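work_28.pdb follows; it contains PDB, C-alpha atoms.
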```pdb
MODEL        1
ATOM      1  CA  GLN A 565     117.109 116.042 105.443  1.00  0.00           C
ATOM      2  CA  ALA A 566     118.583 114.109 102.563  1.00  0.00           C
ATOM      3  CA  GLN A 567     116.241 113.424  99.685  1.00  0.00           C
ATOM      4  CA  LEU A 568     116.263 111.694  96.332  1.00  0.00           C
ATOM      5  CA  VAL A 569     114.280 113.133  93.442  1.00  0.00           C
ATOM      6  CA  GLU A 570     113.662 111.214  90.222  1.00  0.00           C
ATOM      7  CA  SER A 571     112.939 112.769  86.859  1.00  0.00           C
ATOM      8  CA  GLY A 572     112.774 111.831  83.201  1.00  0.00           C
ATOM      9  CA  GLY A 573     109.763 109.553  83.101  1.00  0.00           C
ATOM     10  CA  GLY A 574     107.080 109.797  80.472  1.00  0.00           C
ATOM     11  CA  LEU A 575     105.010 108.130  77.789  1.00  0.00           C
ATOM     12  CA  VAL A 576     106.950 106.513  74.944  1.00  0.00           C
ATOM     13  CA  GLN A 577     106.369 103.948  72.220  1.00  0.00           C
ATOM     14  CA  PRO A 578     107.849 100.454  72.167  1.00  0.00           C
ATOM     15  CA  GLY A 579     111.453 100.583  70.990  1.00  0.00           C
ATOM     16  CA  ASP A 580     112.005 104.132  72.194  1.00  0.00           C
ATOM     17  CA  SER A 581     114.513 105.289  74.802  1.00  0.00           C
ATOM     18  CA  LEU A 582     114.284 107.247  78.039  1.00  0.00           C
ATOM     19  CA  ARG A 583     116.865 108.485  80.482  1.00  0.00           C
ATOM     20  CA  LEU A 584     115.867 108.649  84.117  1.00  0.00           C
ATOM     21  CA  SER A 585     117.807 110.789  86.558  1.00  0.00           C
ATOM     22  CA  CYS A 586     117.979 110.750  90.333  1.00  0.00           C
ATOM     23  CA  ALA A 587     119.285 113.825  92.085  1.00  0.00           C
ATOM     24  CA  ALA A 588     120.312 113.983  95.713  1.00  0.00           C
ATOM     25  CA  SER A 589     119.568 117.019  97.820  1.00  0.00           C
ATOM     26  CA  GLY A 590     120.138 117.940 101.423  1.00  0.00           C
ATOM     27  CA  GLY A 591     122.956 115.450 101.763  1.00  0.00           C
ATOM     28  CA  SER A 592     125.678 113.545 100.004  1.00  0.00           C
ATOM     29  CA  PHE A 593     125.205 110.063  98.632  1.00  0.00           C
ATOM     30  CA  SER A 594     128.682 109.838  97.140  1.00  0.00           C
ATOM     31  CA  ASN A 595     129.544 106.925  99.452  1.00  0.00           C
ATOM     32  CA  HIS A 596     126.246 105.143  98.949  1.00  0.00           C
ATOM     33  CA  ALA A 597     125.440 102.419  96.511  1.00  0.00           C
ATOM     34  CA  MET A 598     122.487 103.443  94.373  1.00  0.00           C
ATOM     35  CA  GLY A 599     119.713 101.390  92.886  1.00  0.00           C
ATOM     36  CA  TRP A 600     116.696 101.606  90.628  1.00  0.00           C
ATOM     37  CA  PHE A 601     113.556  99.611  91.354  1.00  0.00           C
ATOM     38  CA  ARG A 602     110.185  99.593  89.656  1.00  0.00           C
ATOM     39  CA  GLN A 603     106.625  98.699  90.506  1.00  0.00           C
ATOM     40  CA  ALA A 604     103.926  97.952  87.977  1.00  0.00           C
ATOM     41  CA  PRO A 605     100.217  98.102  88.885  1.00  0.00           C
ATOM     42  CA  GLY A 606      99.192  95.084  90.909  1.00  0.00           C
ATOM     43  CA  LYS A 607     102.742  93.774  91.140  1.00  0.00           C
ATOM     44  CA  ALA A 608     105.443  93.780  93.779  1.00  0.00           C
ATOM     45  CA  ARG A 609     108.355  96.184  93.556  1.00  0.00           C
ATOM     46  CA  GLU A 610     111.246  94.646  91.671  1.00  0.00           C
ATOM     47  CA  PHE A 611     114.925  95.306  91.241  1.00  0.00           C
ATOM     48  CA  VAL A 612     116.078  96.920  88.002  1.00  0.00           C
ATOM     49  CA  ALA A 613     119.705  98.005  88.356  1.00  0.00           C
ATOM     50  CA  ALA A 614     122.277  99.031  90.945  1.00  0.00           C
ATOM     51  CA  ILE A 615     125.706 100.635  91.037  1.00  0.00           C
ATOM     52  CA  ASN A 616     128.229 100.490  93.852  1.00  0.00           C
ATOM     53  CA  TRP A 617     129.638 103.533  95.620  1.00  0.00           C
ATOM     54  CA  SER A 618     132.644 103.824  93.301  1.00  0.00           C
ATOM     55  CA  GLY A 619     130.625 103.467  90.134  1.00  0.00           C
ATOM     56  CA  LEU A 620     132.813 100.608  88.972  1.00  0.00           C
ATOM     57  CA  VAL A 621     130.450  97.715  89.662  1.00  0.00           C
ATOM     58  CA  THR A 622     126.927  97.404  88.299  1.00  0.00           C
ATOM     59  CA  TYR A 623     124.120  94.884  88.595  1.00  0.00           C
ATOM     60  CA  TYR A 624     121.083  94.356  86.388  1.00  0.00           C
ATOM     61  CA  ALA A 625     117.910  92.350  86.430  1.00  0.00           C
ATOM     62  CA  ASP A 626     117.879  89.750  83.677  1.00  0.00           C
ATOM     63  CA  SER A 627     114.826  91.408  82.160  1.00  0.00           C
ATOM     64  CA  VAL A 628     116.721  94.638  81.423  1.00  0.00           C
ATOM     65  CA  LYS A 629     120.250  93.383  80.864  1.00  0.00           C
ATOM     66  CA  GLY A 630     121.606  94.673  77.569  1.00  0.00           C
ATOM     67  CA  ARG A 631     118.917  97.344  77.287  1.00  0.00           C
ATOM     68  CA  PHE A 632     119.370  99.464  80.425  1.00  0.00           C
ATOM     69  CA  THR A 633     122.527 101.139  81.708  1.00  0.00           C
ATOM     70  CA  ILE A 634     123.021 102.625  85.159  1.00  0.00           C
ATOM     71  CA  SER A 635     125.655 105.275  85.756  1.00  0.00           C
ATOM     72  CA  ARG A 636     126.529 107.857  88.363  1.00  0.00           C
ATOM     73  CA  ASP A 637     128.089 111.276  88.481  1.00  0.00           C
ATOM     74  CA  LYS A 638     129.492 111.556  91.984  1.00  0.00           C
ATOM     75  CA  SER A 639     130.468 115.183  91.564  1.00  0.00           C
ATOM     76  CA  LYS A 640     126.830 116.034  90.939  1.00  0.00           C
ATOM     77  CA  SER A 641     125.347 113.406  93.251  1.00  0.00           C
ATOM     78  CA  THR A 642     123.225 112.096  90.444  1.00  0.00           C
ATOM     79  CA  VAL A 643     122.441 108.643  89.150  1.00  0.00           C
ATOM     80  CA  HIS A 644     121.067 107.897  85.706  1.00  0.00           C
ATOM     81  CA  LEU A 645     119.234 105.000  84.156  1.00  0.00           C
ATOM     82  CA  GLN A 646     119.485 104.925  80.387  1.00  0.00           C
ATOM     83  CA  MET A 647     116.656 102.759  79.057  1.00  0.00           C
ATOM     84  CA  ASN A 648     116.780 101.631  75.440  1.00  0.00           C
ATOM     85  CA  SER A 649     114.543  99.351  73.396  1.00  0.00           C
ATOM     86  CA  LEU A 650     111.692  99.881  75.813  1.00  0.00           C
ATOM     87  CA  LYS A 651     108.914  97.317  75.945  1.00  0.00           C
ATOM     88  CA  PRO A 652     105.334  97.556  77.216  1.00  0.00           C
ATOM     89  CA  GLU A 653     106.331  95.331  80.143  1.00  0.00           C
ATOM     90  CA  ASP A 654     108.748  98.048  81.282  1.00  0.00           C
ATOM     91  CA  THR A 655     105.743 100.173  82.209  1.00  0.00           C
ATOM     92  CA  ALA A 656     105.961 100.977  85.923  1.00  0.00           C
ATOM     93  CA  VAL A 657     106.755 103.600  88.497  1.00  0.00           C
ATOM     94  CA  TYR A 658     110.535 103.751  88.770  1.00  0.00           C
ATOM     95  CA  TYR A 659     112.153 104.487  92.113  1.00  0.00           C
ATOM     96  CA  CYS A 660     115.674 105.559  92.940  1.00  0.00           C
ATOM     97  CA  ALA A 661     117.195 104.386  96.225  1.00  0.00           C
ATOM     98  CA  ALA A 662     120.413 104.769  98.221  1.00  0.00           C
ATOM     99  CA  ASP A 663     122.146 102.142 100.354  1.00  0.00           C
ATOM    100  CA  ARG A 664     124.950 103.274 102.684  1.00  0.00           C
ATOM    101  CA  TRP A 665     126.285  99.843 103.626  1.00  0.00           C
ATOM    102  CA  GLY A 666     125.187  97.453 100.934  1.00  0.00           C
ATOM    103  CA  ALA A 667     127.517  95.748  98.516  1.00  0.00           C
ATOM    104  CA  GLY A 668     127.490  92.926  96.056  1.00  0.00           C
ATOM    105  CA  ILE A 669     124.346  91.080  95.188  1.00  0.00           C
ATOM    106  CA  SER A 670     122.647  92.397  98.328  1.00  0.00           C
ATOM    107  CA  LEU A 671     122.065  95.533  96.270  1.00  0.00           C
ATOM    108  CA  MET A 672     119.476  93.578  94.307  1.00  0.00           C
ATOM    109  CA  LYS A 673     117.230  93.461  97.373  1.00  0.00           C
ATOM    110  CA  ASP A 674     115.202  96.509  98.353  1.00  0.00           C
ATOM    111  CA  SER A 675     115.360  95.807 102.085  1.00  0.00           C
ATOM    112  CA  GLY A 676     118.836  97.263 102.505  1.00  0.00           C
ATOM    113  CA  TYR A 677     118.151 100.677 101.020  1.00  0.00           C
ATOM    114  CA  ASP A 678     117.942 103.596 103.411  1.00  0.00           C
ATOM    115  CA  TYR A 679     116.552 106.369 101.225  1.00  0.00           C
ATOM    116  CA  TRP A 680     113.919 106.314  98.502  1.00  0.00           C
ATOM    117  CA  GLY A 681     112.669 108.817  95.992  1.00  0.00           C
ATOM    118  CA  GLN A 682     109.027 109.483  95.249  1.00  0.00           C
ATOM    119  CA  GLY A 683     109.096 107.689  91.909  1.00  0.00           C
ATOM    120  CA  THR A 684     108.623 108.642  88.270  1.00  0.00           C
ATOM    121  CA  GLN A 685     106.107 107.048  85.907  1.00  0.00           C
ATOM    122  CA  VAL A 686     107.313 105.302  82.764  1.00  0.00           C
ATOM    123  CA  THR A 687     104.649 104.183  80.311  1.00  0.00           C
ATOM    124  CA  VAL A 688     105.506 102.249  77.161  1.00  0.00           C
ATOM    125  CA  SER A 689     102.555 101.989  74.831  1.00  0.00           C
ATOM    126  CA  SER A 690     101.737 102.254  71.160  1.00  0.00           C
TER
ENDMDL
END
```
So, in terms of structure tokens, how does the structure I just supplied come out?
Amino acid sequence: QAQLVESGGGLVQPGDSLRLSCAASGGSFSNHAMGWFRQAPGKAREFVAAINWSGLVTYYADSVKGRFTISRDKSKSTVHLQMNSLKPEDTAVYYCAADRWGAGISLMKDSGYDYWGQGTQVTVSS
């Protein structure tokens, strides 16, 4: 059964950087669009970033635009989220997800994603 596994979370100070990774196992997600979502305590899950199947088109939430970068390595079936200039409000559990049929701005909605990872905690605090 195909699975997504996130890694790279941790505790950092404001202004620091982290790189999250999402590895696929038990299946290929090379033809899937991939997305990152996050959920802070007491808040709804929200979109962070997405990348289409080819890796040529990306989408970002306004709150992370210019600070976060999503990329994918199709040969390794991995997706990365480089997070720079982290802020306390970036604190959340970050989830990786795969969408076989989604495209365009629909990738900013979590309802279309077929597979989800278990999440990795990111805490930004001084």
#### Entry: Answer key for the PyMOL selection byres ((chain A and resi 602) around 6), residues as a PyMOL selection string
chain A and resi 601+603+609-610+656-659
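Closest approach to Gly599 in chain A from the set A:Gln682, A:Cys660, A:Thr642, A:Leu620 is made by A:Cys660, with distances taken over all atoms listed in the file.
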### Message
To test your reading of the syntax: which residues would the PyMOL selection byres ((chain A and resi 672) around 10) return for the file shown? Reply as a ChimeraX atom specification.
### Response
/A:599-601,610-615,623-625,666-671,673-677
Each residue of range 601-671 of chain A with at least one atom at most 8 Å from range 588-594 of chain A should appear once, together with its nearest atom pair and the corresponding distance in Å (one decimal); atoms considered: all atoms listed in the file; ordering: chain, then increasing residue number; output as JSON lines.
```
{"residue": "A:Trp617", "atom": "CA", "partner": "A:Ser594", "partner_atom": "CA", "distance": 6.6}
{"residue": "A:Lys638", "atom": "CA", "partner": "A:Ser594", "partner_atom": "CA", "distance": 5.5}
{"residue": "A:Ser639", "atom": "CA", "partner": "A:Ser594", "partner_atom": "CA", "distance": 7.9}
{"residue": "A:Ser641", "atom": "CA", "partner": "A:Ala588", "partner_atom": "CA", "distance": 5.6}
{"residue": "A:Thr642", "atom": "CA", "partner": "A:Ala588", "partner_atom": "CA", "distance": 6.3}
{"residue": "A:Ala662", "atom": "CA", "partner": "A:Phe593", "partner_atom": "CA", "distance": 7.2}
{"residue": "A:Arg664", "atom": "CA", "partner": "A:Phe593", "partner_atom": "CA", "distance": 7.9}
```
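Applied to the file shown here, the PyMOL selection byres ((chain A and resi 634) around 8) selects Ala613, Ala614, Ile615, Thr622, Phe632, Thr633, Ser635, Arg636, Val643, His644, Leu645 and Gln646 of chain A.
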Missing atoms in range 594-616 of chain A: can you complete it with N, CA and C atoms, as a PDB file, in the frame of the given file?
```pdb
ATOM      1  N   SER A 594     127.510 110.251  97.904  1.00  0.00           N
ATOM      2  CA  SER A 594     128.682 109.838  97.140  1.00  0.00           C
ATOM      3  C   SER A 594     129.266 108.520  97.640  1.00  0.00           C
ATOM      4  N   ASN A 595     129.033 108.183  98.900  1.00  0.00           N
ATOM      5  CA  ASN A 595     129.544 106.925  99.452  1.00  0.00           C
ATOM      6  C   ASN A 595     128.469 105.849  99.550  1.00  0.00           C
ATOM      7  N   HIS A 596     127.334 106.109  98.940  1.00  0.00           N
ATOM      8  CA  HIS A 596     126.246 105.143  98.949  1.00  0.00           C
ATOM      9  C   HIS A 596     126.207 104.376  97.634  1.00  0.00           C
ATOM     10  N   ALA A 597     125.843 103.119  97.713  1.00  0.00           N
ATOM     11  CA  ALA A 597     125.440 102.419  96.511  1.00  0.00           C
ATOM     12  C   ALA A 597     124.054 102.935  96.137  1.00  0.00           C
ATOM     13  N   MET A 598     123.760 102.925  94.843  1.00  0.00           N
ATOM     14  CA  MET A 598     122.487 103.443  94.373  1.00  0.00           C
ATOM     15  C   MET A 598     121.781 102.381  93.537  1.00  0.00           C
ATOM     16  N   GLY A 599     120.465 102.382  93.637  1.00  0.00           N
ATOM     17  CA  GLY A 599     119.713 101.390  92.886  1.00  0.00           C
ATOM     18  C   GLY A 599     118.465 101.975  92.264  1.00  0.00           C
ATOM     19  N   TRP A 600     117.986 101.294  91.236  1.00  0.00           N
ATOM     20  CA  TRP A 600     116.696 101.606  90.628  1.00  0.00           C
ATOM     21  C   TRP A 600     115.790 100.387  90.792  1.00  0.00           C
ATOM     22  N   PHE A 601     114.581 100.639  91.232  1.00  0.00           N
ATOM     23  CA  PHE A 601     113.556  99.611  91.354  1.00  0.00           C
ATOM     24  C   PHE A 601     112.327 100.098  90.607  1.00  0.00           C
ATOM     25  N   ARG A 602     111.411  99.192  90.322  1.00  0.00           N
ATOM     26  CA  ARG A 602     110.185  99.593  89.656  1.00  0.00           C
ATOM     27  C   ARG A 602     109.015  98.784  90.193  1.00  0.00           C
ATOM     28  N   GLN A 603     107.840  99.373  90.061  1.00  0.00           N
ATOM     29  CA  GLN A 603     106.625  98.699  90.506  1.00  0.00           C
ATOM     30  C   GLN A 603     105.518  98.951  89.501  1.00  0.00           C
ATOM     31  N   ALA A 604     105.043  97.880  88.904  1.00  0.00           N
ATOM     32  CA  ALA A 604     103.926  97.952  87.977  1.00  0.00           C
ATOM     33  C   ALA A 604     102.626  97.769  88.747  1.00  0.00           C
ATOM     34  N   PRO A 605     101.510  98.242  88.199  1.00  0.00           N
ATOM     35  CA  PRO A 605     100.217  98.102  88.885  1.00  0.00           C
ATOM     36  C   PRO A 605      99.908  96.653  89.223  1.00  0.00           C
ATOM     37  N   GLY A 606      99.566  96.418  90.483  1.00  0.00           N
ATOM     38  CA  GLY A 606      99.192  95.084  90.909  1.00  0.00           C
ATOM     39  C   GLY A 606     100.340  94.128  91.106  1.00  0.00           C
ATOM     40  N   LYS A 607     101.571  94.630  90.993  1.00  0.00           N
ATOM     41  CA  LYS A 607     102.742  93.774  91.140  1.00  0.00           C
ATOM     42  C   LYS A 607     103.644  94.278  92.249  1.00  0.00           C
ATOM     43  N   ALA A 608     104.493  93.398  92.741  1.00  0.00           N
ATOM     44  CA  ALA A 608     105.443  93.780  93.779  1.00  0.00           C
ATOM     45  C   ALA A 608     106.568  94.616  93.172  1.00  0.00           C
ATOM     46  N   ARG A 609     107.199  95.412  94.006  1.00  0.00           N
ATOM     47  CA  ARG A 609     108.355  96.184  93.556  1.00  0.00           C
ATOM     48  C   ARG A 609     109.486  95.223  93.197  1.00  0.00           C
ATOM     49  N   GLU A 610     110.172  95.524  92.114  1.00  0.00           N
ATOM     50  CA  GLU A 610     111.246  94.646  91.671  1.00  0.00           C
ATOM     51  C   GLU A 610     112.516  95.417  91.366  1.00  0.00           C
ATOM     52  N   PHE A 611     113.614  94.732  91.508  1.00  0.00           N
ATOM     53  CA  PHE A 611     114.925  95.306  91.241  1.00  0.00           C
ATOM     54  C   PHE A 611     115.121  95.523  89.745  1.00  0.00           C
ATOM     55  N   VAL A 612     115.759  96.633  89.394  1.00  0.00           N
ATOM     56  CA  VAL A 612     116.078  96.920  88.002  1.00  0.00           C
ATOM     57  C   VAL A 612     117.589  96.969  87.787  1.00  0.00           C
ATOM     58  N   ALA A 613     118.263  97.840  88.532  1.00  0.00           N
ATOM     59  CA  ALA A 613     119.705  98.005  88.356  1.00  0.00           C
ATOM     60  C   ALA A 613     120.294  98.642  89.604  1.00  0.00           C
ATOM     61  N   ALA A 614     121.587  98.421  89.820  1.00  0.00           N
ATOM     62  CA  ALA A 614     122.277  99.031  90.945  1.00  0.00           C
ATOM     63  C   ALA A 614     123.724  99.313  90.570  1.00  0.00           C
ATOM     64  N   ILE A 615     124.317 100.266  91.265  1.00  0.00           N
ATOM     65  CA  ILE A 615     125.706 100.635  91.037  1.00  0.00           C
ATOM     66  C   ILE A 615     126.364 100.850  92.379  1.00  0.00           C
ATOM     67  N   ASN A 616     127.594 100.364  92.547  1.00  0.00           N
ATOM     68  CA  ASN A 616     128.229 100.490  93.852  1.00  0.00           C
ATOM     69  C   ASN A 616     128.721 101.913  94.072  1.00  0.00           C
TER      70      ASN A 616
END
```
